[in-house]
>>> print(open('coords13.cif').read())   # mmCIF, C-alpha atoms
data_final
#
loop_
_atom_site.group_PDB
_atom_site.id
_atom_site.type_symbol
_atom_site.label_atom_id
_atom_site.label_comp_id
_atom_site.auth_asym_id
_atom_site.auth_seq_id
_atom_site.Cartn_x
_atom_site.Cartn_y
_atom_site.Cartn_z
ATOM 1 C CA MET A 1 1.009 -3.122 8.209
ATOM 2 C CA ASP A 2 4.660 -3.408 9.314
ATOM 3 C CA LYS A 3 7.047 -1.001 7.658
ATOM 4 C CA HIS A 4 10.292 -2.115 6.053
ATOM 5 C CA ARG A 5 13.457 -1.254 7.970
ATOM 6 C CA ILE A 6 14.832 0.401 4.807
ATOM 7 C CA GLU A 7 12.826 3.603 4.979
ATOM 8 C CA TRP A 8 12.800 4.455 1.281
ATOM 9 C CA LEU A 9 11.026 1.203 0.478
ATOM 10 C CA ASN A 10 7.945 2.392 2.375
ATOM 11 C CA ARG A 11 6.398 4.092 -0.630
ATOM 12 C CA PRO A 12 2.718 5.027 -0.291
ATOM 13 C CA GLY A 13 0.366 2.455 -1.781
ATOM 14 C CA THR A 14 2.946 -0.340 -1.836
ATOM 15 C CA VAL A 15 4.567 -2.860 0.495
ATOM 16 C CA GLY A 16 8.325 -2.567 1.061
ATOM 17 C CA GLU A 17 10.250 -5.715 0.155
ATOM 18 C CA SER A 18 13.800 -7.009 -0.377
ATOM 19 C CA TRP A 19 14.489 -9.618 -3.064
ATOM 20 C CA ASN A 20 17.779 -11.499 -3.164
ATOM 21 C CA PRO A 21 18.124 -13.958 -6.056
ATOM 22 C CA ILE A 22 21.856 -13.201 -5.782
ATOM 23 C CA THR A 23 23.926 -12.554 -2.659
ATOM 24 C CA GLY A 24 27.549 -11.692 -1.998
ATOM 25 C CA CYS A 25 29.853 -8.903 -3.091
ATOM 26 C CA THR A 26 33.390 -7.480 -2.748
ATOM 27 C CA PRO A 27 34.536 -4.018 -1.619
ATOM 28 C CA ILE A 28 34.971 -1.465 -4.377
ATOM 29 C CA SER A 29 35.207 1.906 -2.616
ATOM 30 C CA GLU A 30 35.353 3.608 0.768
ATOM 31 C CA GLY A 31 31.600 3.269 1.255
ATOM 32 C CA CYS A 32 32.043 -0.507 1.569
ATOM 33 C CA ALA A 33 34.196 -0.395 4.704
ATOM 34 C CA ASN A 34 31.314 -1.087 7.119
ATOM 35 C CA CYS A 35 29.025 -3.017 4.755
ATOM 36 C CA TYR A 36 25.824 -4.079 6.539
ATOM 37 C CA ALA A 37 25.234 -6.886 4.030
ATOM 38 C CA ARG A 38 28.602 -8.444 4.822
ATOM 39 C CA ARG A 39 27.811 -8.329 8.550
ATOM 40 C CA MET A 40 24.429 -9.958 7.959
ATOM 41 C CA ALA A 41 25.919 -12.645 5.713
ATOM 42 C CA LYS A 42 28.399 -13.502 8.458
ATOM 43 C CA ARG A 43 25.512 -14.138 10.841
ATOM 44 C CA LEU A 44 23.775 -16.308 8.213
ATOM 45 C CA ALA A 45 26.842 -18.364 7.211
ATOM 46 C CA GLY A 46 25.819 -21.924 6.392
ATOM 47 C CA ARG A 47 22.107 -21.110 6.632
ATOM 48 C CA CYS A 48 19.372 -19.751 4.337
ATOM 49 C CA GLY A 49 21.369 -20.614 1.239
ATOM 50 C CA TYR A 50 24.525 -18.761 2.283
ATOM 51 C CA PRO A 51 27.853 -20.640 1.925
ATOM 52 C CA GLU A 52 29.741 -21.764 4.975
ATOM 53 C CA ALA A 53 32.268 -19.381 6.542
ATOM 54 C CA PRO A 54 34.601 -17.944 5.404
ATOM 55 C CA HIS A 55 32.852 -17.888 2.015
ATOM 56 C CA GLU A 56 29.491 -16.615 3.236
ATOM 57 C CA PHE A 57 29.769 -13.391 1.227
ATOM 58 C CA ASP A 58 31.030 -14.906 -2.012
ATOM 59 C CA VAL A 59 28.785 -14.086 -4.967
ATOM 60 C CA THR A 60 26.124 -16.813 -4.883
ATOM 61 C CA LEU A 61 23.070 -17.457 -7.064
ATOM 62 C CA HIS A 62 19.801 -18.452 -5.381
ATOM 63 C CA PRO A 63 17.611 -19.916 -8.139
ATOM 64 C CA ASP A 64 14.924 -20.785 -5.595
ATOM 65 C CA LYS A 65 14.410 -17.043 -5.025
ATOM 66 C CA LEU A 66 14.355 -15.959 -8.678
ATOM 67 C CA PHE A 67 10.596 -16.127 -9.240
ATOM 68 C CA GLN A 68 9.452 -14.804 -5.857
ATOM 69 C CA PRO A 69 7.983 -11.541 -7.256
ATOM 70 C CA TRP A 70 5.536 -13.484 -9.413
ATOM 71 C CA HIS A 71 3.883 -14.784 -6.243
ATOM 72 C CA TRP A 72 3.407 -11.377 -4.586
ATOM 73 C CA ARG A 73 -0.076 -10.080 -5.283
ATOM 74 C CA LYS A 74 -0.073 -6.683 -3.606
ATOM 75 C CA PRO A 75 2.018 -3.984 -5.328
ATOM 76 C CA ARG A 76 5.450 -3.817 -3.764
ATOM 77 C CA THR A 77 8.453 -1.536 -3.882
ATOM 78 C CA VAL A 78 11.285 -4.042 -4.119
ATOM 79 C CA PHE A 79 14.973 -3.528 -3.374
ATOM 80 C CA VAL A 80 16.699 -5.880 -5.826
ATOM 81 C CA CYS A 81 19.795 -7.648 -4.460
ATOM 82 C CA SER A 82 19.980 -5.776 -1.172
ATOM 83 C CA MET A 83 22.611 -8.348 -0.173
ATOM 84 C CA SER A 84 24.683 -8.029 -3.335
ATOM 85 C CA ASP A 85 25.341 -5.889 -6.403
ATOM 86 C CA LEU A 86 23.431 -7.159 -9.428
ATOM 87 C CA PHE A 87 26.157 -5.851 -11.736
ATOM 88 C CA HIS A 88 29.095 -7.368 -9.854
ATOM 89 C CA GLU A 89 31.663 -8.779 -12.275
ATOM 90 C CA ASP A 90 31.113 -12.303 -10.907
ATOM 91 C CA VAL A 91 27.370 -12.281 -11.673
ATOM 92 C CA PRO A 92 26.821 -13.990 -15.052
ATOM 93 C CA THR A 93 25.214 -11.813 -17.691
ATOM 94 C CA GLN A 94 22.534 -14.461 -18.195
ATOM 95 C CA SER A 95 21.594 -14.193 -14.511
ATOM 96 C CA ILE A 96 21.132 -10.435 -14.911
ATOM 97 C CA LEU A 97 18.916 -11.024 -17.930
ATOM 98 C CA ASP A 98 16.907 -13.590 -15.951
ATOM 99 C CA VAL A 99 16.295 -11.013 -13.223
ATOM 100 C CA TRP A 100 15.198 -8.487 -15.864
ATOM 101 C CA ASN A 101 12.758 -10.991 -17.323
ATOM 102 C CA VAL A 102 11.171 -11.573 -13.917
ATOM 103 C CA MET A 103 10.831 -7.823 -13.309
ATOM 104 C CA GLU A 104 9.343 -7.263 -16.761
ATOM 105 C CA ARG A 105 6.582 -9.777 -16.106
ATOM 106 C CA ALA A 106 5.908 -8.545 -12.558
ATOM 107 C CA HIS A 107 4.745 -5.149 -13.762
ATOM 108 C CA GLN A 108 2.552 -4.530 -10.706
ATOM 109 C CA HIS A 109 5.687 -4.037 -8.608
ATOM 110 C CA THR A 110 8.322 -1.305 -8.671
ATOM 111 C CA PHE A 111 11.890 -2.613 -8.580
ATOM 112 C CA ILE A 112 14.787 -0.551 -7.259
ATOM 113 C CA VAL A 113 18.221 -1.602 -8.550
ATOM 114 C CA LEU A 114 21.212 0.025 -6.863
ATOM 115 C CA THR A 115 24.807 -0.513 -7.996
ATOM 116 C CA LYS A 116 28.339 0.689 -7.425
ATOM 117 C CA ARG A 117 29.277 -0.725 -10.832
ATOM 118 C CA PRO A 118 27.380 1.438 -13.347
ATOM 119 C CA ALA A 119 29.893 0.852 -16.136
ATOM 120 C CA ARG A 120 28.835 -2.801 -16.318
ATOM 121 C CA ALA A 121 25.181 -1.812 -16.032
ATOM 122 C CA HIS A 122 25.662 0.427 -19.057
ATOM 123 C CA GLN A 123 27.558 -2.286 -20.909
ATOM 124 C CA ILE A 124 24.658 -4.729 -20.504
ATOM 125 C CA LEU A 125 21.552 -2.547 -20.529
ATOM 126 C CA GLY A 126 22.757 -0.415 -23.408
ATOM 127 C CA HIS A 127 23.930 -3.303 -25.577
ATOM 128 C CA ASP A 128 22.181 -4.244 -28.829
ATOM 129 C CA ARG A 129 21.830 -7.845 -27.668
ATOM 130 C CA PHE A 130 19.784 -6.606 -24.723
ATOM 131 C CA HIS A 131 17.530 -4.746 -27.138
ATOM 132 C CA VAL A 132 17.092 -7.866 -29.264
ATOM 133 C CA ARG A 133 15.435 -9.531 -26.263
ATOM 134 C CA GLY A 134 12.630 -7.012 -26.631
ATOM 135 C CA TYR A 135 13.765 -4.413 -24.118
ATOM 136 C CA MET A 136 13.875 -1.569 -26.654
ATOM 137 C CA ALA A 137 12.772 0.886 -23.979
ATOM 138 C CA PRO A 138 13.593 0.828 -20.281
ATOM 139 C CA LEU A 139 11.122 -1.028 -18.102
ATOM 140 C CA LEU A 140 8.805 1.546 -16.548
ATOM 141 C CA ASN A 141 8.696 -0.384 -13.262
ATOM 142 C CA VAL A 142 12.476 -0.476 -12.767
ATOM 143 C CA TRP A 143 14.370 2.375 -11.112
ATOM 144 C CA LEU A 144 18.132 2.310 -11.632
ATOM 145 C CA GLY A 145 20.513 4.005 -9.207
ATOM 146 C CA VAL A 146 24.116 4.338 -8.134
ATOM 147 C CA THR A 147 25.686 4.733 -4.720
ATOM 148 C CA ALA A 148 27.833 7.859 -4.428
ATOM 149 C CA GLU A 149 29.246 8.325 -0.954
ATOM 150 C CA ASN A 150 31.082 11.548 -1.802
ATOM 151 C CA GLN A 151 31.663 13.944 -4.700
ATOM 152 C CA GLU A 152 34.467 11.835 -6.150
ATOM 153 C CA ARG A 153 32.249 8.770 -6.469
ATOM 154 C CA ALA A 154 29.400 10.896 -7.808
ATOM 155 C CA ASP A 155 31.624 12.211 -10.581
ATOM 156 C CA GLU A 156 32.833 8.676 -11.314
ATOM 157 C CA ARG A 157 29.469 6.864 -11.338
ATOM 158 C CA ILE A 158 26.645 9.257 -12.215
ATOM 159 C CA PRO A 159 27.821 9.904 -15.809
ATOM 160 C CA TRP A 160 27.533 6.160 -16.485
ATOM 161 C CA LEU A 161 24.060 6.139 -14.954
ATOM 162 C CA LEU A 162 22.916 9.004 -17.167
ATOM 163 C CA LYS A 163 24.088 7.137 -20.277
ATOM 164 C CA THR A 164 22.126 4.004 -19.333
ATOM 165 C CA PRO A 165 18.462 3.511 -20.322
ATOM 166 C CA ALA A 166 16.204 3.797 -17.265
ATOM 167 C CA ALA A 167 12.700 5.027 -16.526
ATOM 168 C CA VAL A 168 13.859 6.570 -13.240
ATOM 169 C CA ARG A 169 17.474 7.296 -12.308
ATOM 170 C CA PHE A 170 18.491 7.951 -8.726
ATOM 171 C CA VAL A 171 21.516 8.427 -6.500
ATOM 172 C CA SER A 172 21.902 6.959 -3.020
ATOM 173 C CA VAL A 173 24.263 9.092 -0.955
ATOM 174 C CA GLU A 174 24.521 6.580 1.849
ATOM 175 C CA PRO A 175 26.698 6.496 3.751
ATOM 176 C CA MET A 176 27.410 10.182 3.172
ATOM 177 C CA LEU A 177 31.147 10.479 3.784
ATOM 178 C CA GLY A 178 31.801 13.965 2.462
ATOM 179 C CA PRO A 179 30.214 17.092 1.015
ATOM 180 C CA MET A 180 28.577 17.014 -2.422
ATOM 181 C CA LEU A 181 28.426 20.604 -3.584
ATOM 182 C CA ASP A 182 28.491 20.121 -7.346
ATOM 183 C CA MET A 183 25.431 18.138 -8.431
ATOM 184 C CA TRP A 184 23.911 20.649 -10.821
ATOM 185 C CA ASP A 185 25.131 19.021 -14.032
ATOM 186 C CA TYR A 186 23.521 15.741 -12.994
ATOM 187 C CA PHE A 187 19.999 17.074 -12.526
ATOM 188 C CA PRO A 188 17.411 17.394 -15.336
ATOM 189 C CA LYS A 189 17.342 20.701 -17.146
ATOM 190 C CA TYR A 190 14.002 22.196 -18.192
ATOM 191 C CA ASP A 191 12.924 25.129 -20.321
ATOM 192 C CA TYR A 192 10.258 26.772 -18.174
ATOM 193 C CA ARG A 193 9.181 29.424 -20.676
ATOM 194 C CA PRO A 194 5.952 27.565 -21.581
ATOM 195 C CA THR A 195 4.784 28.123 -17.994
ATOM 196 C CA TYR A 196 5.006 31.906 -18.319
ATOM 197 C CA ALA A 197 1.959 33.975 -19.294
ATOM 198 C CA TYR A 198 3.734 35.849 -22.095
ATOM 199 C CA TRP A 199 4.769 32.534 -23.692
ATOM 200 C CA ARG A 200 1.252 31.104 -23.566
ATOM 201 C CA THR A 201 -0.057 34.288 -25.165
ATOM 202 C CA ALA A 202 2.491 34.175 -27.967
ATOM 203 C CA PHE A 203 2.243 30.397 -28.535
ATOM 204 C CA PRO A 204 -1.257 29.294 -27.427
ATOM 205 C CA ASP A 205 -0.964 25.890 -29.120
ATOM 206 C CA ALA A 206 2.431 24.983 -27.687
ATOM 207 C CA GLY A 207 1.165 23.741 -24.324
ATOM 208 C CA ASP A 208 1.990 24.994 -20.861
ATOM 209 C CA GLN A 209 4.358 22.338 -19.512
ATOM 210 C CA PRO A 210 8.125 22.713 -19.031
ATOM 211 C CA ILE A 211 10.206 21.268 -21.859
ATOM 212 C CA LEU A 212 12.842 18.727 -20.847
ATOM 213 C CA GLU A 213 16.155 19.766 -22.382
ATOM 214 C CA ARG A 214 18.470 17.345 -20.574
ATOM 215 C CA GLU A 215 17.736 14.131 -18.716
ATOM 216 C CA GLY A 216 19.194 13.691 -15.268
ATOM 217 C CA VAL A 217 18.879 12.200 -11.817
ATOM 218 C CA ASN A 218 15.218 11.971 -10.748
ATOM 219 C CA TRP A 219 15.676 11.189 -7.050
ATOM 220 C CA VAL A 220 18.325 11.579 -4.341
ATOM 221 C CA ILE A 221 18.488 9.470 -1.162
ATOM 222 C CA CYS A 222 20.780 10.611 1.644
ATOM 223 C CA GLY A 223 21.747 9.190 5.011
ATOM 224 C CA ALA A 224 24.508 8.668 7.534
ATOM 225 C CA GLU A 225 26.402 5.471 8.157
ATOM 226 C CA THR A 226 25.011 3.295 10.931
ATOM 227 C CA GLY A 227 26.179 0.287 12.896
ATOM 228 C CA ALA A 228 29.487 -0.545 14.541
ATOM 229 C CA GLY A 229 32.305 1.814 13.564
ATOM 230 C CA ALA A 230 29.984 4.249 11.801
ATOM 231 C CA ARG A 231 31.826 7.252 10.407
ATOM 232 C CA PRO A 232 30.358 10.665 11.250
ATOM 233 C CA MET A 233 28.330 12.764 8.817
ATOM 234 C CA ASP A 234 28.201 16.543 9.028
ATOM 235 C CA LEU A 235 24.507 17.464 8.852
ATOM 236 C CA GLN A 236 25.444 20.545 6.831
ATOM 237 C CA TRP A 237 26.535 18.230 4.004
ATOM 238 C CA ALA A 238 22.989 16.835 3.900
ATOM 239 C CA ARG A 239 21.475 20.333 4.033
ATOM 240 C CA ASP A 240 23.602 21.497 1.108
ATOM 241 C CA LEU A 241 22.519 18.491 -0.947
ATOM 242 C CA ARG A 242 18.878 18.981 0.047
ATOM 243 C CA ASP A 243 19.013 22.623 -1.058
ATOM 244 C CA GLN A 244 20.465 21.698 -4.469
ATOM 245 C CA CYS A 245 17.682 19.171 -4.962
ATOM 246 C CA LYS A 246 15.037 21.699 -3.960
ATOM 247 C CA GLU A 247 16.291 24.293 -6.415
ATOM 248 C CA ALA A 248 16.379 21.698 -9.209
ATOM 249 C CA ASP A 249 12.925 20.296 -8.258
ATOM 250 C CA VAL A 250 14.439 16.856 -7.666
ATOM 251 C CA PRO A 251 12.813 14.803 -4.869
ATOM 252 C CA PHE A 252 15.030 14.350 -1.817
ATOM 253 C CA PHE A 253 14.765 11.585 0.781
ATOM 254 C CA PHE A 254 16.730 11.896 4.007
ATOM 255 C CA LYS A 255 16.960 8.534 5.671
ATOM 256 C CA ARG A 256 18.523 9.244 9.052
ATOM 257 C CA ALA A 257 21.297 10.980 10.972
ATOM 258 C CA GLY A 258 24.185 9.003 12.425
ATOM 259 C CA PRO A 259 24.430 7.237 15.774
ATOM 260 C CA GLY A 260 24.032 9.666 18.645
ATOM 261 C CA GLN A 261 22.593 12.346 16.341
ATOM 262 C CA GLU A 262 18.998 13.494 16.313
ATOM 263 C CA THR A 263 17.538 14.124 12.875
ATOM 264 C CA PRO A 264 16.626 17.822 12.914
ATOM 265 C CA PRO A 265 13.120 18.748 11.712
ATOM 266 C CA ASP A 266 14.410 20.594 8.638
ATOM 267 C CA LEU A 267 15.996 17.373 7.377
ATOM 268 C CA MET A 268 12.891 15.231 7.833
ATOM 269 C CA VAL A 269 12.256 15.349 4.092
ATOM 270 C CA ARG A 270 11.002 12.097 2.551
ATOM 271 C CA GLU A 271 10.011 12.641 -1.051
ATOM 272 C CA PHE A 272 9.625 10.138 -3.876
ATOM 273 C CA PRO A 273 10.133 10.578 -7.642
ATOM 274 C CA HIS A 274 7.587 12.579 -9.602
ATOM 275 C CA MET A 275 6.089 9.709 -11.570
ATOM 276 C CA GLY A 276 5.249 10.828 -15.070
ATOM 277 C CA LYS A 277 7.770 13.678 -15.064
ATOM 278 C CA GLU A 278 10.903 11.612 -15.522
ATOM 279 C CA LYS A 279 10.971 12.027 -19.280
#
>>> encode(input="coords13.cif", output="structure tokens")
Amino acid sequence: MDKHRIEWLNRPGTVGESWNPITGCTPISEGCANCYARRMAKRLAGRCGYPEAPHEFDVTLHPDKLFQPWHWRKPRTVFVCSMSDLFHEDVPTQSILDVWNVMERAHQHTFIVLTKRPARAHQILGHDRFHVRGYMAPLLNVWLGVTAENQERADERIPWLLKTPAAVRFVSVEPMLGPMLDMWDYFPKYDYRPTYAYWRTAFPDAGDQPILEREGVNWVICGAETGAGARPMDLQWARDLRDQCKEADVPFFFKRAGPGQETPPDLMVREFPHMGKEK
């Protein structure tokens, strides 16, 4: 079976897939400078539902694509709006709710939603009107993440992510444009005393699993910028982030080094979230 070109969609037991009921976006931070989606939209201008140039990357709804996941039989890991940002300010709230309804009914698939606009995600997903629609708890088959290309964007976006209901929360550090040495407060915090022998002796009925004290990021993706004009990534930045994840027992997925760089063996780490341990 062919693998998806986005490596972190190739999750064992599923088929990697992109789903684009909405396309188009606008730059919001330094990570957008060499946007691959904008380059692809330029090549598709006037075709495949994309507007004619120079409007090919305007936010555009594709109603003919909305129900695609209902026709996929095999379980898939689906990147939602890989050619857009679902929570862009020009995407109508009703369109976001329509996407959520499709994902809720396609429970055999796992949907990965990545945004640079987590404040709007929180505004919608945490709102009482969203709960009235029946989504009292986050959908278990939807993973919600933010892009954080450096420490500044991590500190800006991750707090919003952690306040938003989600079964799995993740951070995509791609492209990695600077060091990220202060992630500790964003990782889950556990009380590990129940795993110790003295604790089990003193409290035999309390169980032997760690106790979650603070929710946090459940997965970290990392990779260098690619394509024309790619900015360099220091591999030590990735190693420092990998080591923080390892100490916090947070799965780490290194996508690739930059152009002209070989990915060293110690960075060939491709882990996925610990399903069942998120809460």
>>> residues_around(input="coords13.cif", residues="Lys65 in chain A", least_positions_apart="6", cutoff="12 Å", atoms="all atoms listed in the file", output="list of chain:residue names")
A:Ser18, A:Trp19, A:Asn20, A:Pro21, A:Ile22, A:Thr23, A:Cys48, A:Gly49, A:His71, A:Val80, A:Cys81, A:Asp98, A:Val99, A:Val102
>>> closest_residue(input="coords13.cif", among="A:Met183, A:Ala119, A:Leu177, A:Ala248", to="Asp155 in chain A", atoms="all atoms listed in the file")
A:Met183
>>> closest_residue(input="coords13.cif", among="A:Met103, A:Leu97, A:Ala53, A:Ile112", to="His127 in chain A", atoms="only C-alpha atoms")
A:Leu97
>>> resolve_selection(input="coords13.cif", expression="the PyMOL selection byres ((chain A and resi 12) around 12)", output="list in words")
Met1, Lys3, Glu7, Trp8, Leu9, Asn10, Arg11, Gly13, Thr14, Val15, Gly16, Pro75, Arg76, Thr77, Thr110, Arg270, Glu271, Phe272 and Pro273 of chain A
>>> resolve_selection(input="coords13.cif", expression="the PyMOL selection byres ((chain A and resi 90) around 10)", output="mmCIF file with C-alpha atoms, keeping the file's coordinate frame")
data_model
loop_
_atom_site.group_PDB
_atom_site.id
_atom_site.type_symbol
_atom_site.label_atom_id
_atom_site.label_comp_id
_atom_site.auth_asym_id
_atom_site.auth_seq_id
_atom_site.Cartn_x
_atom_site.Cartn_y
_atom_site.Cartn_z
ATOM 1 C CA GLY A 24 27.549 -11.692 -1.998
ATOM 2 C CA CYS A 25 29.853 -8.903 -3.091
ATOM 3 C CA THR A 26 33.390 -7.480 -2.748
ATOM 4 C CA ASP A 58 31.030 -14.906 -2.012
ATOM 5 C CA VAL A 59 28.785 -14.086 -4.967
ATOM 6 C CA THR A 60 26.124 -16.813 -4.883
ATOM 7 C CA ASP A 85 25.341 -5.889 -6.403
ATOM 8 C CA LEU A 86 23.431 -7.159 -9.428
ATOM 9 C CA PHE A 87 26.157 -5.851 -11.736
ATOM 10 C CA HIS A 88 29.095 -7.368 -9.854
ATOM 11 C CA GLU A 89 31.663 -8.779 -12.275
ATOM 12 C CA VAL A 91 27.370 -12.281 -11.673
ATOM 13 C CA PRO A 92 26.821 -13.990 -15.052
ATOM 14 C CA THR A 93 25.214 -11.813 -17.691
#
>>> resolve_selection(input="coords13.cif", expression="the PyMOL selection byres ((chain A and resi 168) around 12)", output="tab-separated table (two decimals) with C-alpha atoms, in the coordinates of the input")
chain	number	residue	atom	x	y	z
A	110	THR	CA	8.32	-1.30	-8.67
A	111	PHE	CA	11.89	-2.61	-8.58
A	112	ILE	CA	14.79	-0.55	-7.26
A	113	VAL	CA	18.22	-1.60	-8.55
A	114	LEU	CA	21.21	0.02	-6.86
A	138	PRO	CA	13.59	0.83	-20.28
A	139	LEU	CA	11.12	-1.03	-18.10
A	140	LEU	CA	8.80	1.55	-16.55
A	141	ASN	CA	8.70	-0.38	-13.26
A	142	VAL	CA	12.48	-0.48	-12.77
A	143	TRP	CA	14.37	2.38	-11.11
A	144	LEU	CA	18.13	2.31	-11.63
A	145	GLY	CA	20.51	4.00	-9.21
A	146	VAL	CA	24.12	4.34	-8.13
A	161	LEU	CA	24.06	6.14	-14.95
A	162	LEU	CA	22.92	9.00	-17.17
A	164	THR	CA	22.13	4.00	-19.33
A	165	PRO	CA	18.46	3.51	-20.32
A	166	ALA	CA	16.20	3.80	-17.26
A	167	ALA	CA	12.70	5.03	-16.53
A	169	ARG	CA	17.47	7.30	-12.31
A	170	PHE	CA	18.49	7.95	-8.73
A	171	VAL	CA	21.52	8.43	-6.50
A	188	PRO	CA	17.41	17.39	-15.34
A	215	GLU	CA	17.74	14.13	-18.72
A	216	GLY	CA	19.19	13.69	-15.27
A	217	VAL	CA	18.88	12.20	-11.82
A	218	ASN	CA	15.22	11.97	-10.75
A	219	TRP	CA	15.68	11.19	-7.05
A	220	VAL	CA	18.32	11.58	-4.34
A	250	VAL	CA	14.44	16.86	-7.67
A	251	PRO	CA	12.81	14.80	-4.87
A	272	PHE	CA	9.62	10.14	-3.88
A	273	PRO	CA	10.13	10.58	-7.64
A	274	HIS	CA	7.59	12.58	-9.60
A	275	MET	CA	6.09	9.71	-11.57
A	276	GLY	CA	5.25	10.83	-15.07
A	277	LYS	CA	7.77	13.68	-15.06
A	278	GLU	CA	10.90	11.61	-15.52
A	279	LYS	CA	10.97	12.03	-19.28
>>> closest_residue(input="coords13.cif", among="A:Asp182, A:Asp208, A:Glu149, A:Glu156", to="Thr195 in chain A", atoms="only C-alpha atoms")
A:Asp208
>>> closest_residue(input="coords13.cif", among="A:Thr226, A:Gln94, A:Gln244, A:Gln123", to="Glu174 in chain A", atoms="all atoms listed in the file")
A:Thr226
>>> axis_aligned_box(input="coords13.cif", around="range 37-48 of chain A", padding_each_side="6 Å", output="AutoDock Vina command-line options")
--center_x 24.0 --center_y -14.4 --center_z 7.4 --size_x 21.2 --size_y 27.0 --size_z 18.8
>>> closest_residue(input="coords13.cif", among="A:Met83, A:Lys74, A:Ile28, A:Lys116", to="Met40 in chain A", atoms="all atoms listed in the file")
A:Met83
>>> atom_distance(input="coords13.cif", atom1="CA of Ile221 in chain A", atom2="CA of Arg39 in chain A")
22.3 Å
>>> atom_distance(input="coords13.cif", atom1="CA of Lys255 in chain A", atom2="CA of Cys222 in chain A")
5.9 Å
>>> decode(input="coords13.cif", residues="range 71-84 of chain A", atoms="C-alpha atoms", output="PDB file, in the first residue's frame")
ATOM      1  CA  HIS A  71     -17.422   6.834   1.708  1.00  0.00           C
ATOM      2  CA  TRP A  72     -14.054   5.577   2.996  1.00  0.00           C
ATOM      3  CA  ARG A  73     -14.428   2.077   4.378  1.00  0.00           C
ATOM      4  CA  LYS A  74     -10.948   1.286   5.651  1.00  0.00           C
ATOM      5  CA  PRO A  75      -9.872   3.155   8.809  1.00  0.00           C
ATOM      6  CA  ARG A  76      -7.910   6.243   7.876  1.00  0.00           C
ATOM      7  CA  THR A  77      -5.791   8.826   9.627  1.00  0.00           C
ATOM      8  CA  VAL A  78      -7.036  12.025   8.021  1.00  0.00           C
ATOM      9  CA  PHE A  79      -5.358  15.430   7.909  1.00  0.00           C
ATOM     10  CA  VAL A  80      -8.295  17.857   7.944  1.00  0.00           C
ATOM     11  CA  CYS A  81      -7.855  20.954   5.756  1.00  0.00           C
ATOM     12  CA  SER A  82      -4.237  20.343   4.814  1.00  0.00           C
ATOM     13  CA  MET A  83      -4.702  23.170   2.299  1.00  0.00           C
ATOM     14  CA  SER A  84      -6.254  25.615   4.749  1.00  0.00           C
TER      15      SER A  84
END
